[in-house]
$ cat work_35.pdb   # PDB, C-alpha atoms and all ligand atoms
ATOM      1  CA  MET A 511     -39.335 -57.046  23.236
ATOM      2  CA  SER A 512     -38.748 -55.617  19.730
ATOM      3  CA  LEU A 513     -35.861 -53.347  18.698
ATOM      4  CA  ASP A 514     -38.287 -50.381  18.527
ATOM      5  CA  ASP A 515     -39.376 -51.027  22.107
ATOM      6  CA  ASP A 516     -35.706 -51.125  23.155
ATOM      7  CA  LEU A 517     -35.017 -47.750  21.465
ATOM      8  CA  LYS A 518     -38.113 -46.157  23.020
ATOM      9  CA  ALA A 519     -37.051 -47.367  26.471
ATOM     10  CA  LEU A 520     -33.513 -46.027  25.940
ATOM     11  CA  LEU A 521     -34.868 -42.653  24.818
ATOM     12  CA  SER A 522     -37.173 -42.435  27.797
ATOM     13  CA  ASP A 523     -34.292 -43.271  30.183
ATOM     14  CA  THR A 524     -32.104 -40.650  28.535
ATOM     15  CA  GLN A 525     -34.777 -37.960  28.794
ATOM     16  CA  ARG A 526     -35.284 -38.763  32.452
ATOM     17  CA  PHE A 527     -31.519 -38.630  33.061
ATOM     18  CA  LEU A 528     -31.219 -35.268  31.306
ATOM     19  CA  ARG A 529     -34.166 -33.816  33.258
ATOM     20  CA  GLN A 530     -32.488 -34.897  36.504
ATOM     21  CA  GLN A 531     -29.171 -33.422  35.467
ATOM     22  CA  ALA A 532     -30.886 -30.170  34.485
ATOM     23  CA  GLU A 533     -32.527 -29.946  37.857
ATOM     24  CA  LEU A 534     -29.211 -30.615  39.620
ATOM     25  CA  TYR A 535     -26.823 -28.498  37.555
ATOM     26  CA  GLY A 536     -28.945 -26.070  35.602
ATOM     27  CA  ASP A 537     -27.798 -25.680  31.997
ATOM     28  CA  SER A 538     -24.361 -27.227  32.654
ATOM     29  CA  LEU A 539     -24.751 -30.905  32.079
ATOM     30  CA  LEU A 540     -22.165 -33.430  33.116
ATOM     31  CA  VAL A 541     -21.851 -35.868  30.266
ATOM     32  CA  SER A 542     -19.095 -38.108  29.049
ATOM     33  CA  ARG A 543     -16.503 -36.775  26.570
ATOM     34  CA  ALA A 544     -17.620 -39.260  23.919
ATOM     35  CA  ALA A 545     -21.105 -37.786  24.053
ATOM     36  CA  VAL A 546     -19.921 -34.252  23.257
ATOM     37  CA  GLU A 547     -17.134 -34.878  20.742
ATOM     38  CA  THR A 548     -18.148 -33.743  17.297
ATOM     39  CA  PRO A 549     -17.189 -35.896  14.328
ATOM     40  CA  LYS A 550     -14.473 -34.248  12.199
ATOM     41  CA  GLU A 551     -16.774 -33.627   9.191
ATOM     42  CA  GLU A 552     -19.219 -31.766  11.409
ATOM     43  CA  GLN A 553     -16.410 -29.702  12.938
ATOM     44  CA  ILE A 554     -15.453 -28.452   9.463
ATOM     45  CA  ILE A 555     -19.042 -27.413   8.721
ATOM     46  CA  GLU A 556     -19.272 -25.845  12.173
ATOM     47  CA  LYS A 557     -16.333 -23.519  11.451
ATOM     48  CA  GLU A 558     -18.128 -22.047   8.442
ATOM     49  CA  LYS A 559     -21.333 -21.299  10.337
ATOM     50  CA  PRO A 560     -21.845 -17.666  11.321
ATOM     51  CA  ILE A 561     -20.970 -16.994  14.945
ATOM     52  CA  SER A 562     -24.207 -16.289  16.687
ATOM     53  CA  THR A 563     -23.925 -16.618  20.442
ATOM     54  CA  ASP A 564     -24.245 -13.448  22.483
ATOM     55  CA  LYS A 565     -20.723 -13.896  23.845
ATOM     56  CA  ASN A 566     -19.193 -14.069  20.407
ATOM     57  CA  LEU A 567     -21.225 -11.134  19.160
ATOM     58  CA  THR A 568     -19.759  -9.088  21.991
ATOM     59  CA  MET A 569     -16.277 -10.172  20.960
ATOM     60  CA  LEU A 570     -16.931  -9.184  17.352
ATOM     61  CA  ARG A 571     -18.038  -5.734  18.417
ATOM     62  CA  GLU A 572     -14.729  -5.042  20.135
ATOM     63  CA  PRO A 573     -12.469  -2.616  18.235
ATOM     64  CA  GLU A 574      -9.744  -4.177  16.130
ATOM     65  CA  ILE A 575      -6.143  -3.316  16.919
ATOM     66  CA  ASP A 576      -3.751  -2.578  14.057
ATOM     67  CA  MET A 577      -0.010  -3.106  13.659
ATOM     68  CA  PHE A 578       0.760   0.087  15.611
ATOM     69  CA  GLY A 579      -1.581  -0.839  18.443
ATOM     70  CA  ASP A 580      -4.215   1.797  17.761
ATOM     71  CA  THR A 581      -7.906   1.553  17.088
ATOM     72  CA  LYS A 582      -8.612   0.951  13.433
ATOM     73  CA  LYS A 583     -10.481   3.546  11.428
ATOM     74  CA  VAL A 584     -11.118   3.652   7.712
ATOM     75  CA  ASN A 585      -9.964   6.992   6.312
ATOM     76  CA  LYS A 586     -10.322   8.553   2.926
ATOM     77  CA  ASN A 587      -7.423  10.751   1.896
ATOM     78  CA  LYS A 588      -7.626  14.084   0.142
ATOM     79  CA  PHE A 589      -7.405  12.316  -3.210
ATOM     80  CA  ASN A 590     -10.548  10.379  -2.276
ATOM     81  CA  LEU A 591      -8.575   7.143  -2.121
ATOM     82  CA  ASP A 592      -9.243   4.651   0.640
ATOM     83  CA  TYR A 593      -6.370   4.390   3.051
ATOM     84  CA  PRO A 594      -5.934   1.100   4.852
ATOM     85  CA  ALA A 595      -7.301   1.230   8.395
ATOM     86  CA  GLU A 596      -3.930   1.865  10.035
ATOM     87  CA  SER A 597      -2.746   4.553  12.429
ATOM     88  CA  TRP A 598       0.119   5.908  10.260
ATOM     89  CA  THR A 599      -2.545   7.479   8.037
ATOM     90  CA  SER A 600      -2.975  10.198  10.653
ATOM     91  CA  ALA A 601       0.731  11.216  10.615
ATOM     92  CA  ALA A 602       0.867  15.008  10.525
ATOM     93  CA  SER A 603       4.240  15.515   8.842
ATOM     94  CA  ILE A 604       6.746  13.807   6.585
ATOM     95  CA  PRO A 605       9.205  12.965   9.435
ATOM     96  CA  LEU A 606       6.367  11.548  11.555
ATOM     97  CA  LEU A 607       5.166   9.470   8.627
ATOM     98  CA  ASN A 608       8.679   8.112   8.157
ATOM     99  CA  GLN A 609       8.831   7.179  11.846
ATOM    100  CA  ALA A 610       5.461   5.459  11.657
ATOM    101  CA  ILE A 611       6.160   3.282   8.627
ATOM    102  CA  ASN A 612       9.893   2.591   8.513
ATOM    103  CA  THR A 613       9.573  -0.752  10.275
ATOM    104  CA  CYS A 614       6.837  -1.938   7.902
ATOM    105  CA  THR A 615       6.609  -5.683   7.382
ATOM    106  CA  LYS A 616       3.466  -5.774   5.275
ATOM    107  CA  CYS A 617       5.038  -7.575   2.342
ATOM    108  CA  GLY A 618       7.824 -10.071   1.823
ATOM    109  CA  LEU A 619      10.311  -7.379   0.776
ATOM    110  CA  SER A 620      10.724  -6.480   4.438
ATOM    111  CA  GLY A 621      12.577  -9.771   4.827
ATOM    112  CA  THR A 622      15.082  -9.105   2.049
ATOM    113  CA  ARG A 623      15.708  -5.377   2.394
ATOM    114  CA  THR A 624      18.814  -3.950   4.040
ATOM    115  CA  ASN A 625      17.205  -0.564   4.586
ATOM    116  CA  PHE A 626      13.768   0.932   4.240
ATOM    117  CA  VAL A 627      13.964   3.789   1.710
ATOM    118  CA  PHE A 628      11.376   6.399   2.621
ATOM    119  CA  GLY A 629      12.392   9.135   0.183
ATOM    120  CA  ALA A 630      14.350  12.342   0.593
ATOM    121  CA  GLY A 631      14.175  16.027  -0.065
ATOM    122  CA  ASN A 632      12.098  19.046   0.760
ATOM    123  CA  PRO A 633       8.988  18.051   2.757
ATOM    124  CA  LYS A 634       7.192  21.042   1.234
ATOM    125  CA  ALA A 635       8.511  20.538  -2.298
ATOM    126  CA  GLU A 636       6.637  21.876  -5.273
ATOM    127  CA  VAL A 637       8.013  19.041  -7.379
ATOM    128  CA  VAL A 638       7.910  15.349  -6.468
ATOM    129  CA  VAL A 639       9.842  12.782  -8.501
ATOM    130  CA  VAL A 640       8.523   9.221  -8.244
ATOM    131  CA  GLY A 641      10.406   6.097  -9.320
ATOM    132  CA  GLU A 642       9.457   2.461  -8.956
ATOM    133  CA  ALA A 643      11.644   0.960  -6.202
ATOM    134  CA  PRO A 644      15.061   1.224  -4.548
ATOM    135  CA  GLY A 645      18.005  -0.464  -6.263
ATOM    136  CA  ALA A 646      21.081  -2.065  -4.679
ATOM    137  CA  GLU A 647      22.822   1.193  -3.787
ATOM    138  CA  GLU A 648      19.630   2.739  -2.405
ATOM    139  CA  ASP A 649      18.958  -0.387  -0.349
ATOM    140  CA  ALA A 650      22.506  -0.229   1.070
ATOM    141  CA  GLN A 651      22.285   3.467   1.986
ATOM    142  CA  GLY A 652      18.577   3.866   2.794
ATOM    143  CA  GLU A 653      18.383   6.834   0.381
ATOM    144  CA  PRO A 654      16.556   7.078  -2.951
ATOM    145  CA  PHE A 655      18.388   7.519  -6.271
ATOM    146  CA  VAL A 656      21.953   7.487  -4.970
ATOM    147  CA  GLY A 657      23.627   5.143  -7.463
ATOM    148  CA  ARG A 658      24.760   6.071 -10.965
ATOM    149  CA  GLY A 659      21.144   6.472 -11.974
ATOM    150  CA  GLY A 660      20.635   8.818  -9.046
ATOM    151  CA  GLN A 661      23.592  10.953 -10.076
ATOM    152  CA  LEU A 662      22.136  11.177 -13.552
ATOM    153  CA  LEU A 663      18.749  12.178 -12.081
ATOM    154  CA  THR A 664      20.483  14.994 -10.179
ATOM    155  CA  LYS A 665      22.005  16.211 -13.469
ATOM    156  CA  ILE A 666      18.659  15.997 -15.246
ATOM    157  CA  LEU A 667      17.027  18.065 -12.506
ATOM    158  CA  GLU A 668      19.850  20.601 -12.610
ATOM    159  CA  SER A 669      19.467  20.874 -16.374
ATOM    160  CA  ILE A 670      15.986  22.260 -15.745
ATOM    161  CA  HIS A 671      17.098  24.452 -12.827
ATOM    162  CA  PHE A 672      15.975  22.345  -9.892
ATOM    163  CA  LYS A 673      18.402  21.587  -7.097
ATOM    164  CA  ARG A 674      18.052  18.052  -5.846
ATOM    165  CA  GLU A 675      17.360  19.190  -2.266
ATOM    166  CA  GLU A 676      14.604  21.492  -3.441
ATOM    167  CA  VAL A 677      12.426  18.630  -4.759
ATOM    168  CA  PHE A 678      11.226  15.447  -3.035
ATOM    169  CA  ILE A 679      12.370  12.129  -4.498
ATOM    170  CA  CYS A 680      10.765   8.807  -3.627
ATOM    171  CA  ASN A 681       9.580   5.487  -5.012
ATOM    172  CA  ILE A 682       6.353   3.527  -5.162
ATOM    173  CA  LEU A 683       7.954   0.694  -3.168
ATOM    174  CA  LYS A 684      10.004   1.553  -0.099
ATOM    175  CA  CYS A 685      11.984  -1.709  -0.103
ATOM    176  CA  ARG A 686      14.161  -3.216  -2.812
ATOM    177  CA  PRO A 687      12.801  -6.154  -4.807
ATOM    178  CA  PRO A 688      15.485  -8.878  -4.967
ATOM    179  CA  ASN A 689      17.695  -8.662  -8.057
ATOM    180  CA  ASN A 690      15.878  -5.468  -9.045
ATOM    181  CA  ARG A 691      12.923  -7.428 -10.421
ATOM    182  CA  ASP A 692       9.749  -5.519 -11.272
ATOM    183  CA  PRO A 693       7.474  -4.783  -8.304
ATOM    184  CA  GLN A 694       4.645  -7.290  -8.034
ATOM    185  CA  PRO A 695       1.060  -6.014  -8.095
ATOM    186  CA  GLU A 696       0.383  -7.090  -4.505
ATOM    187  CA  GLU A 697       3.541  -5.269  -3.325
ATOM    188  CA  VAL A 698       2.393  -2.103  -5.092
ATOM    189  CA  GLU A 699      -1.075  -2.465  -3.614
ATOM    190  CA  LEU A 700       0.322  -2.700  -0.079
ATOM    191  CA  CYS A 701       2.973  -0.017  -0.394
ATOM    192  CA  GLU A 702       1.367   2.634  -2.589
ATOM    193  CA  PRO A 703      -0.820   4.117   0.175
ATOM    194  CA  TYR A 704       2.426   5.333   1.801
ATOM    195  CA  LEU A 705       3.111   7.308  -1.372
ATOM    196  CA  TRP A 706      -0.433   8.721  -1.338
ATOM    197  CA  LYS A 707       0.221   9.956   2.185
ATOM    198  CA  GLN A 708       3.572  11.445   1.168
ATOM    199  CA  LEU A 709       1.879  13.304  -1.676
ATOM    200  CA  GLU A 710      -0.942  14.412   0.584
ATOM    201  CA  LEU A 711       1.507  15.882   3.126
ATOM    202  CA  ILE A 712       3.867  17.435   0.586
ATOM    203  CA  ASN A 713       1.067  18.730  -1.633
ATOM    204  CA  PRO A 714       3.265  19.286  -4.715
ATOM    205  CA  LYS A 715       2.325  21.442  -7.671
ATOM    206  CA  ILE A 716       3.567  18.885 -10.179
ATOM    207  CA  ILE A 717       4.760  15.256 -10.284
ATOM    208  CA  LEU A 718       7.398  13.670 -12.516
ATOM    209  CA  CYS A 719       7.237   9.893 -12.797
ATOM    210  CA  VAL A 720      10.446   8.277 -13.994
ATOM    211  CA  GLY A 721       9.913   4.957 -15.733
ATOM    212  CA  ARG A 722       6.994   2.955 -17.018
ATOM    213  CA  ILE A 723       6.140   1.237 -13.758
ATOM    214  CA  ALA A 724       5.920   4.451 -11.747
ATOM    215  CA  GLY A 725       3.678   5.985 -14.428
ATOM    216  CA  GLN A 726       1.440   2.949 -14.730
ATOM    217  CA  SER A 727       1.111   2.565 -10.966
ATOM    218  CA  LEU A 728       0.100   6.143 -10.281
ATOM    219  CA  LEU A 729      -2.119   6.543 -13.311
ATOM    220  CA  LYS A 730      -3.638   3.048 -13.044
ATOM    221  CA  ILE A 731      -3.270   2.523 -16.767
ATOM    222  CA  ASN A 732      -1.572  -0.170 -18.771
ATOM    223  CA  ALA A 733      -0.002   2.141 -21.358
ATOM    224  CA  SER A 734       3.562   1.968 -22.632
ATOM    225  CA  LEU A 735       6.126   4.560 -21.633
ATOM    226  CA  ALA A 736       6.074   5.804 -25.233
ATOM    227  CA  VAL A 737       2.367   6.571 -24.927
ATOM    228  CA  MET A 738       2.494   7.990 -21.401
ATOM    229  CA  ARG A 739       5.300  10.394 -22.364
ATOM    230  CA  THR A 740       3.193  12.064 -25.001
ATOM    231  CA  LYS A 741       0.911  14.019 -22.706
ATOM    232  CA  VAL A 742       0.424  15.680 -19.375
ATOM    233  CA  HIS A 743      -1.726  13.584 -17.102
ATOM    234  CA  ASP A 744      -3.875  14.573 -14.212
ATOM    235  CA  TYR A 745      -3.133  12.828 -10.937
ATOM    236  CA  ARG A 746      -6.159  13.699  -8.829
ATOM    237  CA  GLY A 747      -5.810  17.395  -9.579
ATOM    238  CA  ILE A 748      -1.991  17.463  -9.797
ATOM    239  CA  PRO A 749      -0.398  17.640 -13.278
ATOM    240  CA  LEU A 750       1.844  14.627 -13.829
ATOM    241  CA  MET A 751       4.347  13.843 -16.561
ATOM    242  CA  VAL A 752       6.175  10.596 -17.282
ATOM    243  CA  THR A 753       9.668  10.201 -18.686
ATOM    244  CA  PHE A 754      12.490   7.658 -18.790
ATOM    245  CA  HIS A 755      14.001   6.148 -15.664
ATOM    246  CA  PRO A 756      17.631   7.315 -15.328
ATOM    247  CA  ALA A 757      18.799   3.696 -15.115
ATOM    248  CA  ALA A 758      17.230   3.113 -18.535
ATOM    249  CA  LEU A 759      19.140   6.103 -19.889
ATOM    250  CA  LEU A 760      22.387   4.560 -18.659
ATOM    251  CA  ARG A 761      21.553   1.387 -20.566
ATOM    252  CA  ASN A 762      20.327   3.247 -23.657
ATOM    253  CA  PRO A 763      22.093   6.601 -24.072
ATOM    254  CA  ASN A 764      20.028   7.219 -27.222
ATOM    255  CA  TRP A 765      17.075   7.984 -24.941
ATOM    256  CA  LYS A 766      18.849  10.917 -23.299
ATOM    257  CA  ARG A 767      17.747  13.310 -26.015
ATOM    258  CA  PRO A 768      14.003  12.475 -25.797
ATOM    259  CA  CYS A 769      14.271  12.563 -22.013
ATOM    260  CA  TRP A 770      15.829  16.032 -22.216
ATOM    261  CA  GLU A 771      12.916  17.134 -24.402
ATOM    262  CA  ASP A 772      10.447  15.714 -21.861
ATOM    263  CA  VAL A 773      11.984  17.569 -18.953
ATOM    264  CA  GLN A 774      12.082  20.830 -20.895
ATOM    265  CA  LYS A 775       8.308  20.493 -21.279
ATOM    266  CA  PHE A 776       8.089  19.613 -17.600
ATOM    267  CA  ARG A 777       9.914  22.823 -16.622
ATOM    268  CA  LYS A 778       7.703  24.874 -18.953
ATOM    269  CA  LEU A 779       4.582  23.401 -17.399
ATOM    270  CA  TYR A 780       5.967  24.072 -13.911
ATOM    271  CA  GLU A 781       6.587  27.728 -14.830
ATOM    272  CA  GLU A 782       3.032  28.029 -16.106
ATOM    273  CA  ILE A 783       1.638  26.548 -12.903
ATOM    274  CA  LYS A 784       3.813  28.855 -10.793
ATOM    275  CA  GLY A 785       2.856  31.861 -12.866
ATOM    276  CA  LYS A 786      -0.756  30.707 -12.677
ATOM    277  CA  ASN A 787      -0.797  30.978 -16.460
ATOM    278  CA  LEU A 788      -1.732  27.358 -16.763
ATOM    279  CA  ASN A 789      -3.892  26.856 -19.790
ATOM    280  CA  PRO A 790      -6.967  24.855 -18.715
ATOM    281  CA  ASN A 791      -6.275  22.669 -21.767
ATOM    282  CA  TYR A 792      -2.765  21.889 -20.589
ATOM    283  CA  LYS A 793      -3.306  18.166 -20.987
ATOM    284  CA  SER A 794      -3.464  18.448 -24.768
ATOM    285  CA  GLN A 795      -0.727  21.058 -25.131
ATOM    286  CA  TYR A 796       2.326  18.843 -24.894
TER
HETATM  287  S1  LIG A 801       7.785  -2.686   0.205
HETATM  288 FE1  LIG A 801       6.338  -1.340   1.240
HETATM  289  S2  LIG A 801       4.701  -2.710   1.967
HETATM  290 FE2  LIG A 801       6.506  -3.980   1.527
HETATM  291  S3  LIG A 801       7.591  -4.134   3.474
HETATM  292 FE3  LIG A 801       8.479  -2.426   2.326
HETATM  293  S4  LIG A 801       7.396  -0.629   3.060
HETATM  294 FE4  LIG A 801       6.177  -2.403   3.652
END
$ encode --input "work_35.pdb" --output "structure tokens" --more "lines below"
Ligand code: SF4
Amino acid sequence: MSLDDDLKALLSDTQRFLRQQAELYGDSLLVSRAAVETPKEEQIIEKEKPISTDKNLTMLREPEIDMFGDTKKVNKNKFNLDYPAESWTSAASIPLLNQAINTCTKCGLSGTRTNFVFGAGNPKAEVVVVGEAPGAEEDAQGEPFVGRGGQLLTKILESIHFKREEVFICNILKCRPPNNRDPQPEEVELCEPYLWKQLELINPKIILCVGRIAGQSLLKINASLAVMRTKVHDYRGIPLMVTFHPAALLRNPNWKRPCWEDVQKFRKLYEEIKGKNLNPNYKSQY
């Protein structure tokens, strides 16, 4: 008998065995483990194949559950920005939003923070001040702008007739980057939607960004602070101005004068908006 004849006989025996097994057990065949184990290379390829059995399709259709245990939905906010599909996006007030997000662990800063720093002030403020991230003092107290820079910010606001409690003060990031390093792009990407929601709920008439990073993050531009300071920007329908971060003024007192000039313009623009005398060309006026 040749090798071919041997193989044909083996194949015929196998087919007969499988037919018998099918008759006995239906589709569930009893075969040895060696016969069903897939070589490792094939297992790798298998993982990349689309899932196509009916059972798995049913599993894929099931709703996903997010970090708060609710059904995921993709929402657009009033600024036409895509919120992540998470339940906090439906928070109806500033305190409820705080409750929903203050245990956030979406980025690594959750592991190094002492306190989550949501922001503070009037939840219906006409003016929102946005910085980049909490510093050491803010991290320790869980409040924004409470160190020396924060005291200077309070004075700057008072110099243009705003009480601190009358405005809302917050940051792009809600947790402190270690050693006050600059926020990383992926941290901003994860955290910034919380700020969008804050702005959506507060609905301010005007925004003041303090520092280059806050300005660049909100405006999505790569301009220097010197350039951003020179004009009034439009943040999705809300006038926005950029000036120095108070901490930078502490390091460079020579910048206090130009900052004072910036905030004078900011107050003037605010008065125009309040008085509804806002020139439609306001962006080129300053
Ligand atoms: S920085 Fe923002 S995204 Fe990161 S853990 Fe804190 S709250 Fe969450």
$ residues_near_ligand --input "work_35.pdb" --ligand "ligand LIG 801 (chain A)" --cutoff "10 Å" --atoms "all atoms listed in the file" --output "tab-separated table (two decimals) with C-alpha atoms, in the frame of the given file"
chain	number	residue	atom	x	y	z
A	611	ILE	CA	6.16	3.28	8.63
A	612	ASN	CA	9.89	2.59	8.51
A	613	THR	CA	9.57	-0.75	10.28
A	614	CYS	CA	6.84	-1.94	7.90
A	615	THR	CA	6.61	-5.68	7.38
A	616	LYS	CA	3.47	-5.77	5.28
A	617	CYS	CA	5.04	-7.58	2.34
A	618	GLY	CA	7.82	-10.07	1.82
A	619	LEU	CA	10.31	-7.38	0.78
A	620	SER	CA	10.72	-6.48	4.44
A	621	GLY	CA	12.58	-9.77	4.83
A	622	THR	CA	15.08	-9.10	2.05
A	623	ARG	CA	15.71	-5.38	2.39
A	625	ASN	CA	17.20	-0.56	4.59
A	626	PHE	CA	13.77	0.93	4.24
A	627	VAL	CA	13.96	3.79	1.71
A	628	PHE	CA	11.38	6.40	2.62
A	643	ALA	CA	11.64	0.96	-6.20
A	644	PRO	CA	15.06	1.22	-4.55
A	681	ASN	CA	9.58	5.49	-5.01
A	682	ILE	CA	6.35	3.53	-5.16
A	683	LEU	CA	7.95	0.69	-3.17
A	684	LYS	CA	10.00	1.55	-0.10
A	685	CYS	CA	11.98	-1.71	-0.10
A	686	ARG	CA	14.16	-3.22	-2.81
A	687	PRO	CA	12.80	-6.15	-4.81
A	693	PRO	CA	7.47	-4.78	-8.30
A	694	GLN	CA	4.64	-7.29	-8.03
A	696	GLU	CA	0.38	-7.09	-4.50
A	697	GLU	CA	3.54	-5.27	-3.32
A	698	VAL	CA	2.39	-2.10	-5.09
A	699	GLU	CA	-1.08	-2.46	-3.61
A	700	LEU	CA	0.32	-2.70	-0.08
A	701	CYS	CA	2.97	-0.02	-0.39
A	702	GLU	CA	1.37	2.63	-2.59
A	703	PRO	CA	-0.82	4.12	0.18
A	704	TYR	CA	2.43	5.33	1.80
A	705	LEU	CA	3.11	7.31	-1.37
$ atom_distance --input "work_35.pdb" --atom1 "CA of Leu759 in chain A" --atom2 "CA of Gly652 in chain A"
22.8 Å
$ closest_atom_pairs --input "work_35.pdb" --of "range 733-774 of chain A" --to "range 656-673 of chain A" --cutoff "7 Å" --atoms "all atoms listed in the file" --output "Markdown table"
| residue | atom | partner | partner_atom | distance |
| --- | --- | --- | --- | --- |
| A:Pro756 | CA | A:Gly659 | CA | 4.9 |
| A:Ala757 | CA | A:Gly659 | CA | 4.8 |
| A:Val773 | CA | A:Ile670 | CA | 7.0 |
| A:Gln774 | CA | A:Ile670 | CA | 6.6 |
$ atom_distance --input "work_35.pdb" --atom1 "CA of Phe754 in chain A" --atom2 "CA of Leu711 in chain A"
25.9 Å
$ closest_residue --input "work_35.pdb" --among "A:Gly747, A:Pro633, A:Asp592, A:Thr753" --to "Asn608 in chain A" --atoms "all atoms listed in the file"
A:Pro633
$ closest_residue --input "work_35.pdb" --among "A:Gln708, A:Asn690, A:Asn713, A:Gln726" --to "Leu606 in chain A" --atoms "only C-alpha atoms"
A:Gln708
$ atom_distance --input "work_35.pdb" --atom1 "CA of Leu735 in chain A" --atom2 "CA of Leu709 in chain A"
22.2 Å
$ build_atoms --input "work_35.pdb" --residues "range 606-623 of chain A" --atoms "N, CA and C atoms" --output "compact mmCIF listing (two decimals), keeping the file's coordinate frame"
# COMPACT_ATOMS: atom_id res chain seq x y z
N LEU A 606 7.19 12.44 10.72
CA LEU A 606 6.37 11.55 11.56
C LEU A 606 5.87 10.35 10.75
N LEU A 607 5.58 10.59 9.48
CA LEU A 607 5.17 9.47 8.63
C LEU A 607 6.31 8.47 8.49
N ASN A 608 7.50 8.98 8.26
CA ASN A 608 8.68 8.11 8.16
C ASN A 608 8.82 7.25 9.42
N GLN A 609 8.72 7.92 10.57
CA GLN A 609 8.83 7.18 11.85
C GLN A 609 7.79 6.08 11.96
N ALA A 610 6.58 6.39 11.48
CA ALA A 610 5.46 5.46 11.66
C ALA A 610 5.54 4.25 10.74
N ILE A 611 6.22 4.39 9.60
CA ILE A 611 6.16 3.28 8.63
C ILE A 611 7.50 2.59 8.38
N ASN A 612 8.59 3.12 8.95
CA ASN A 612 9.89 2.59 8.51
C ASN A 612 10.25 1.21 9.08
N THR A 613 9.35 0.65 9.87
CA THR A 613 9.57 -0.75 10.28
C THR A 613 8.53 -1.67 9.62
N CYS A 614 7.93 -1.20 8.56
CA CYS A 614 6.84 -1.94 7.90
C CYS A 614 7.26 -3.37 7.53
N THR A 615 6.35 -4.29 7.79
CA THR A 615 6.61 -5.68 7.38
C THR A 615 5.40 -6.22 6.61
N LYS A 616 4.71 -5.34 5.92
CA LYS A 616 3.47 -5.77 5.28
C LYS A 616 3.68 -6.72 4.11
N CYS A 617 4.82 -6.62 3.44
CA CYS A 617 5.04 -7.58 2.34
C CYS A 617 6.39 -8.25 2.52
N GLY A 618 6.63 -9.25 1.68
CA GLY A 618 7.82 -10.07 1.82
C GLY A 618 9.13 -9.31 1.63
N LEU A 619 9.07 -8.13 1.02
CA LEU A 619 10.31 -7.38 0.78
C LEU A 619 10.95 -6.90 2.08
N SER A 620 10.15 -6.88 3.14
CA SER A 620 10.72 -6.48 4.44
C SER A 620 11.78 -7.49 4.88
N GLY A 621 11.64 -8.73 4.41
CA GLY A 621 12.58 -9.77 4.83
C GLY A 621 13.86 -9.77 4.03
N THR A 622 13.87 -9.09 2.88
CA THR A 622 15.08 -9.10 2.05
C THR A 622 15.77 -7.74 1.98
N ARG A 623 15.10 -6.71 2.49
CA ARG A 623 15.71 -5.38 2.39
C ARG A 623 16.86 -5.24 3.39
